[in-house]
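K.L.:
After the structure tokens below, expect a handful of questions from me.
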Amino acid sequence: MPAAWPEKDDHELLALIQDGSGQAFGVLVERHTERFYRLAFRYLQNKAAAEDVVQDAFLKLWENPANWQPERNSKFTTWFYRVVVNLCLDHRKRKGPVALDEDLPLIDDRAPVDEMMMRAQEQRILEREIAALPERQRSALNLCFDEGLTNQEAAEVMGLNLKALQSLIMRAKTTLKERMKNCL
């Protein structure tokens with residue numbers, strides 16, 4: 001692999017991938033796999049399914065790199081978030097709802113035991129309530145709060161304008177606040 005390739009930005013790597021460069025593809029995969037795995041895991045709550053979705057997304061890119069159209073997309077990551085989210089949604093439709101893994105580390109180990117138990121219960125309830133939100137509200141929350149995208153980037157991923165995304169987030173927060181008040 002040429003020494004300068006890890007320093008190339010995503011657009012440069014994608015141009016090389018469109019010319020058939022497996023090495024550029026390897027750099028892009030290595031650079032972004034962890035980020036997109038975290039996103040897929042948040043949607044699917046299953047390690048193997050998240051790995052499969054990310055692998056499928058990168059495979060689709062390799063098989064048809066022309067799907068990335070730099071003149072239509074502001075950033076590779078914004079476009080690829082949409083690809084991964086769509087694959088996650090398709091996977092969930094095929095597989096149905098997935099139960100949350102009760103063994104997820106959801107709390108601070110240094111907290112007293114009673115606090116830990118209460119936090120774990122609250123976290124399970126919150127995760128259940130988030131999972132019960134309408135798909136678009138859940139997607140907006142995941143992209144902005146779990147993945148750290150700006151509202152503008154999340155709006156682009158979801159194909160919305162900024163005000164529509166902000167409205168989804170506000171409705172989700174209001175619903176969660178009300179549901180959590182009733183649960184606790």
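Here's how to read the names in the structure tokens: chain A, B, ... by the order shown, residue numbers from 1 in each chain, ligand numbers from 1 in the order shown.
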Pick out the residues sitting within 10 Å of region 151-161 of chain A, and hand them over as a list in words; count only C-alpha atoms, and ignore anything fewer than 3 positions along from it in its own chain.
P.N.:
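Within the cut-off, the hits are Asn73, Ser74, Lys75, Thr77, Thr78, Trp79, Phe80, Tyr81, Arg82, Val83, Val84, Val85, Asn86, Arg136, Ser139, Ala140, Leu141, Asn142, Leu143, Cys144, Phe145, Glu147, Gly148, Ala164, Leu165, Gln166 and Ile169 of chain A.
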K.L.:
Just write the chosen residues, N, CA and C atoms, as a short mmCIF file (atom, residue, chain, number, x, y, z; two decimals), in the first residue's frame.
P.N.:
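Output below, filename out_25.cif:
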data_model
loop_
_atom_site.label_atom_id
_atom_site.label_comp_id
_atom_site.auth_asym_id
_atom_site.auth_seq_id
_atom_site.Cartn_x
_atom_site.Cartn_y
_atom_site.Cartn_z
N ASN A 73 -23.45 14.12 -3.07
CA ASN A 73 -23.27 13.84 -1.65
C ASN A 73 -22.19 14.74 -1.06
N SER A 74 -22.49 15.36 0.07
CA SER A 74 -21.52 16.28 0.65
C SER A 74 -20.35 15.54 1.28
N LYS A 75 -20.61 14.44 1.97
CA LYS A 75 -19.55 13.69 2.62
C LYS A 75 -19.81 12.19 2.45
N THR A 77 -19.21 9.88 4.66
CA THR A 77 -19.79 9.32 5.88
C THR A 77 -21.28 9.59 5.98
N THR A 78 -21.72 10.76 5.57
CA THR A 78 -23.16 11.06 5.60
C THR A 78 -23.91 10.12 4.67
N TRP A 79 -23.40 9.92 3.48
CA TRP A 79 -24.03 9.01 2.52
C TRP A 79 -23.99 7.58 3.05
N PHE A 80 -22.87 7.16 3.60
CA PHE A 80 -22.73 5.78 4.04
C PHE A 80 -23.55 5.50 5.30
N TYR A 81 -23.76 6.51 6.15
CA TYR A 81 -24.68 6.34 7.28
C TYR A 81 -26.04 5.93 6.76
N ARG A 82 -26.49 6.59 5.71
CA ARG A 82 -27.80 6.27 5.14
C ARG A 82 -27.82 4.83 4.62
N VAL A 83 -26.76 4.41 3.96
CA VAL A 83 -26.68 3.04 3.45
C VAL A 83 -26.80 2.05 4.62
N VAL A 84 -26.03 2.27 5.68
CA VAL A 84 -26.03 1.36 6.83
C VAL A 84 -27.38 1.38 7.53
N VAL A 85 -27.94 2.57 7.76
CA VAL A 85 -29.25 2.66 8.41
C VAL A 85 -30.30 1.91 7.60
N ASN A 86 -30.31 2.09 6.29
CA ASN A 86 -31.28 1.39 5.45
C ASN A 86 -31.11 -0.13 5.54
N ARG A 136 -38.70 6.76 12.58
CA ARG A 136 -37.99 7.99 12.23
C ARG A 136 -37.53 8.74 13.48
N SER A 139 -34.52 6.81 14.79
CA SER A 139 -33.36 7.05 13.93
C SER A 139 -32.74 8.41 14.23
N ALA A 140 -33.57 9.42 14.37
CA ALA A 140 -33.07 10.77 14.66
C ALA A 140 -32.30 10.79 15.98
N LEU A 141 -32.86 10.16 17.01
CA LEU A 141 -32.17 10.10 18.30
C LEU A 141 -30.85 9.36 18.19
N ASN A 142 -30.86 8.20 17.55
CA ASN A 142 -29.63 7.40 17.43
C ASN A 142 -28.54 8.17 16.70
N LEU A 143 -28.88 8.80 15.60
CA LEU A 143 -27.87 9.50 14.83
C LEU A 143 -27.30 10.70 15.58
N CYS A 144 -28.16 11.45 16.26
CA CYS A 144 -27.70 12.66 16.93
C CYS A 144 -27.04 12.39 18.28
N PHE A 145 -27.61 11.50 19.06
CA PHE A 145 -27.12 11.32 20.42
C PHE A 145 -26.15 10.16 20.56
N GLU A 147 -24.55 8.49 17.83
CA GLU A 147 -23.49 8.56 16.84
C GLU A 147 -22.79 9.91 16.81
N GLY A 148 -23.36 10.91 17.47
CA GLY A 148 -22.70 12.21 17.57
C GLY A 148 -22.76 13.05 16.31
N ALA A 164 -37.47 19.52 10.09
CA ALA A 164 -38.18 18.24 10.23
C ALA A 164 -37.43 17.33 11.20
N LEU A 165 -36.11 17.29 11.10
CA LEU A 165 -35.33 16.47 12.03
C LEU A 165 -35.49 16.98 13.45
N GLN A 166 -35.39 18.28 13.65
CA GLN A 166 -35.53 18.86 14.98
C GLN A 166 -36.91 18.55 15.56
N ILE A 169 -36.88 14.95 16.80
CA ILE A 169 -36.15 14.83 18.07
C ILE A 169 -37.00 15.37 19.22
#
K.L.:
Which residues are near Leu28 (chain A)? Cut-off 10 Å, only C-alpha atoms, ignore same chain within fewer than 2 positions. Put them as an MDAnalysis selection string.
P.N.:
chainID A and resid 5:6 8:11 13:14 17 22:26 30:33 58
K.L.:
What's the separation between CA of Asn64 (chain A) and CA of Gln18 (chain A), in Å to one decimal place?
P.N.:
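Distance between the two atoms: 8.2 Å.
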K.L.:
How many Å separate CA of Glu178 (chain A) from CA of Asn46 (chain A)?
P.N.:
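Computing the Euclidean distance for CA of Glu178 (chain A) and CA of Asn46 (chain A) yields 28.1 Å.
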K.L.:
Identify all residues of region 23-144 of chain A in helix (DSSP H, G or I) (DSSP on the backbone) and supply them as a PyMOL selection string.
P.N.:
chain A and resi 23-44+47-63+65-67+76-95+113-132+135-144
K.L.:
Can those selected residues be exported to a file as a PDB file, in the first residue's frame so that it contains C-alpha atoms?
P.N.:
ATOM      1  CA  GLN A  23      -5.867  -1.043  -1.463  1.00  0.00           C
ATOM      2  CA  ALA A  24      -7.838   2.200  -1.321  1.00  0.00           C
ATOM      3  CA  PHE A  25     -10.919   0.166  -0.416  1.00  0.00           C
ATOM      4  CA  GLY A  26      -8.973  -1.469   2.426  1.00  0.00           C
ATOM      5  CA  VAL A  27      -7.946   1.922   3.808  1.00  0.00           C
ATOM      6  CA  LEU A  28     -11.545   3.186   3.672  1.00  0.00           C
ATOM      7  CA  VAL A  29     -12.883   0.038   5.368  1.00  0.00           C
ATOM      8  CA  GLU A  30     -10.244   0.194   8.095  1.00  0.00           C
ATOM      9  CA  ARG A  31     -10.940   3.885   8.668  1.00  0.00           C
ATOM     10  CA  HIS A  32     -14.718   3.585   9.067  1.00  0.00           C
ATOM     11  CA  THR A  33     -15.659   0.044  10.103  1.00  0.00           C
ATOM     12  CA  GLU A  34     -15.778   0.695  13.840  1.00  0.00           C
ATOM     13  CA  ARG A  35     -17.959   3.803  13.450  1.00  0.00           C
ATOM     14  CA  PHE A  36     -20.500   2.050  11.263  1.00  0.00           C
ATOM     15  CA  TYR A  37     -20.442  -1.088  13.406  1.00  0.00           C
ATOM     16  CA  ARG A  38     -21.422   1.014  16.447  1.00  0.00           C
ATOM     17  CA  LEU A  39     -24.290   2.511  14.449  1.00  0.00           C
ATOM     18  CA  ALA A  40     -25.505  -0.895  13.262  1.00  0.00           C
ATOM     19  CA  PHE A  41     -25.234  -2.358  16.761  1.00  0.00           C
ATOM     20  CA  ARG A  42     -27.370   0.470  18.185  1.00  0.00           C
ATOM     21  CA  TYR A  43     -30.083  -0.418  15.685  1.00  0.00           C
ATOM     22  CA  LEU A  44     -29.867  -4.198  15.863  1.00  0.00           C
ATOM     23  CA  LYS A  47     -23.086  -8.210  17.348  1.00  0.00           C
ATOM     24  CA  ALA A  48     -23.252 -10.732  14.510  1.00  0.00           C
ATOM     25  CA  ALA A  49     -26.109  -8.929  12.747  1.00  0.00           C
ATOM     26  CA  ALA A  50     -24.316  -5.573  13.075  1.00  0.00           C
ATOM     27  CA  GLU A  51     -21.120  -7.066  11.640  1.00  0.00           C
ATOM     28  CA  ASP A  52     -23.101  -8.594   8.748  1.00  0.00           C
ATOM     29  CA  VAL A  53     -24.817  -5.299   7.953  1.00  0.00           C
ATOM     30  CA  VAL A  54     -21.539  -3.352   7.905  1.00  0.00           C
ATOM     31  CA  GLN A  55     -19.901  -6.032   5.776  1.00  0.00           C
ATOM     32  CA  ASP A  56     -22.860  -5.961   3.364  1.00  0.00           C
ATOM     33  CA  ALA A  57     -22.690  -2.169   3.150  1.00  0.00           C
ATOM     34  CA  PHE A  58     -18.998  -2.175   2.292  1.00  0.00           C
ATOM     35  CA  LEU A  59     -19.511  -5.058  -0.142  1.00  0.00           C
ATOM     36  CA  LYS A  60     -22.206  -3.048  -1.942  1.00  0.00           C
ATOM     37  CA  LEU A  61     -19.761  -0.141  -2.178  1.00  0.00           C
ATOM     38  CA  TRP A  62     -17.023  -2.400  -3.585  1.00  0.00           C
ATOM     39  CA  GLU A  63     -19.353  -4.052  -6.102  1.00  0.00           C
ATOM     40  CA  PRO A  65     -18.629   2.200  -6.308  1.00  0.00           C
ATOM     41  CA  ALA A  66     -20.549   4.392  -8.757  1.00  0.00           C
ATOM     42  CA  ASN A  67     -23.372   4.496  -6.186  1.00  0.00           C
ATOM     43  CA  PHE A  76     -18.893   9.980   2.244  1.00  0.00           C
ATOM     44  CA  THR A  77     -19.787   9.320   5.883  1.00  0.00           C
ATOM     45  CA  THR A  78     -23.155  11.062   5.596  1.00  0.00           C
ATOM     46  CA  TRP A  79     -24.026   9.014   2.524  1.00  0.00           C
ATOM     47  CA  PHE A  80     -22.729   5.779   4.041  1.00  0.00           C
ATOM     48  CA  TYR A  81     -24.675   6.345   7.283  1.00  0.00           C
ATOM     49  CA  ARG A  82     -27.803   6.272   5.142  1.00  0.00           C
ATOM     50  CA  VAL A  83     -26.679   3.037   3.455  1.00  0.00           C
ATOM     51  CA  VAL A  84     -26.028   1.361   6.825  1.00  0.00           C
ATOM     52  CA  VAL A  85     -29.251   2.658   8.411  1.00  0.00           C
ATOM     53  CA  ASN A  86     -31.280   1.388   5.454  1.00  0.00           C
ATOM     54  CA  LEU A  87     -29.636  -2.031   5.683  1.00  0.00           C
ATOM     55  CA  CYS A  88     -30.362  -2.124   9.426  1.00  0.00           C
ATOM     56  CA  LEU A  89     -33.998  -1.255   8.841  1.00  0.00           C
ATOM     57  CA  ASP A  90     -34.242  -3.922   6.129  1.00  0.00           C
ATOM     58  CA  HIS A  91     -32.630  -6.473   8.459  1.00  0.00           C
ATOM     59  CA  ARG A  92     -35.067  -5.654  11.253  1.00  0.00           C
ATOM     60  CA  LYS A  93     -38.038  -5.994   8.910  1.00  0.00           C
ATOM     61  CA  ARG A  94     -36.811  -9.436   7.824  1.00  0.00           C
ATOM     62  CA  LYS A  95     -35.929 -10.629  11.311  1.00  0.00           C
ATOM     63  CA  VAL A 113     -25.013  -1.811  44.285  1.00  0.00           C
ATOM     64  CA  ASP A 114     -28.481  -0.374  44.891  1.00  0.00           C
ATOM     65  CA  GLU A 115     -27.707   2.553  42.606  1.00  0.00           C
ATOM     66  CA  MET A 116     -26.368   0.169  39.987  1.00  0.00           C
ATOM     67  CA  MET A 117     -29.538  -1.900  40.093  1.00  0.00           C
ATOM     68  CA  MET A 118     -31.740   1.170  39.839  1.00  0.00           C
ATOM     69  CA  ARG A 119     -29.699   2.599  36.954  1.00  0.00           C
ATOM     70  CA  ALA A 120     -29.749  -0.731  35.137  1.00  0.00           C
ATOM     71  CA  GLN A 121     -33.518  -0.912  35.492  1.00  0.00           C
ATOM     72  CA  GLU A 122     -33.937   2.684  34.296  1.00  0.00           C
ATOM     73  CA  GLN A 123     -31.627   2.024  31.351  1.00  0.00           C
ATOM     74  CA  ARG A 124     -33.591  -1.095  30.339  1.00  0.00           C
ATOM     75  CA  ILE A 125     -36.829   0.856  30.559  1.00  0.00           C
ATOM     76  CA  LEU A 126     -35.344   3.727  28.538  1.00  0.00           C
ATOM     77  CA  GLU A 127     -33.992   1.350  25.869  1.00  0.00           C
ATOM     78  CA  ARG A 128     -37.394  -0.371  25.700  1.00  0.00           C
ATOM     79  CA  GLU A 129     -39.160   2.981  25.346  1.00  0.00           C
ATOM     80  CA  ILE A 130     -36.708   4.159  22.691  1.00  0.00           C
ATOM     81  CA  ALA A 131     -37.282   0.901  20.803  1.00  0.00           C
ATOM     82  CA  ALA A 132     -41.053   1.579  20.956  1.00  0.00           C
ATOM     83  CA  GLU A 135     -38.826   4.469  13.387  1.00  0.00           C
ATOM     84  CA  ARG A 136     -37.988   7.991  12.232  1.00  0.00           C
ATOM     85  CA  GLN A 137     -37.893   9.386  15.780  1.00  0.00           C
ATOM     86  CA  ARG A 138     -35.664   6.510  16.905  1.00  0.00           C
ATOM     87  CA  SER A 139     -33.361   7.051  13.931  1.00  0.00           C
ATOM     88  CA  ALA A 140     -33.067  10.773  14.657  1.00  0.00           C
ATOM     89  CA  LEU A 141     -32.171  10.096  18.304  1.00  0.00           C
ATOM     90  CA  ASN A 142     -29.634   7.402  17.427  1.00  0.00           C
ATOM     91  CA  LEU A 143     -27.867   9.501  14.826  1.00  0.00           C
ATOM     92  CA  CYS A 144     -27.695  12.663  16.931  1.00  0.00           C
TER      93      CYS A 144
END
K.L.:
Would you work out the distance separating CA of Ala15 (chain A) from CA of Trp68 (chain A), expressed in Å to one decimal?
P.N.:
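CA of Trp68 (chain A) lies 9.5 Å from CA of Ala15 (chain A).
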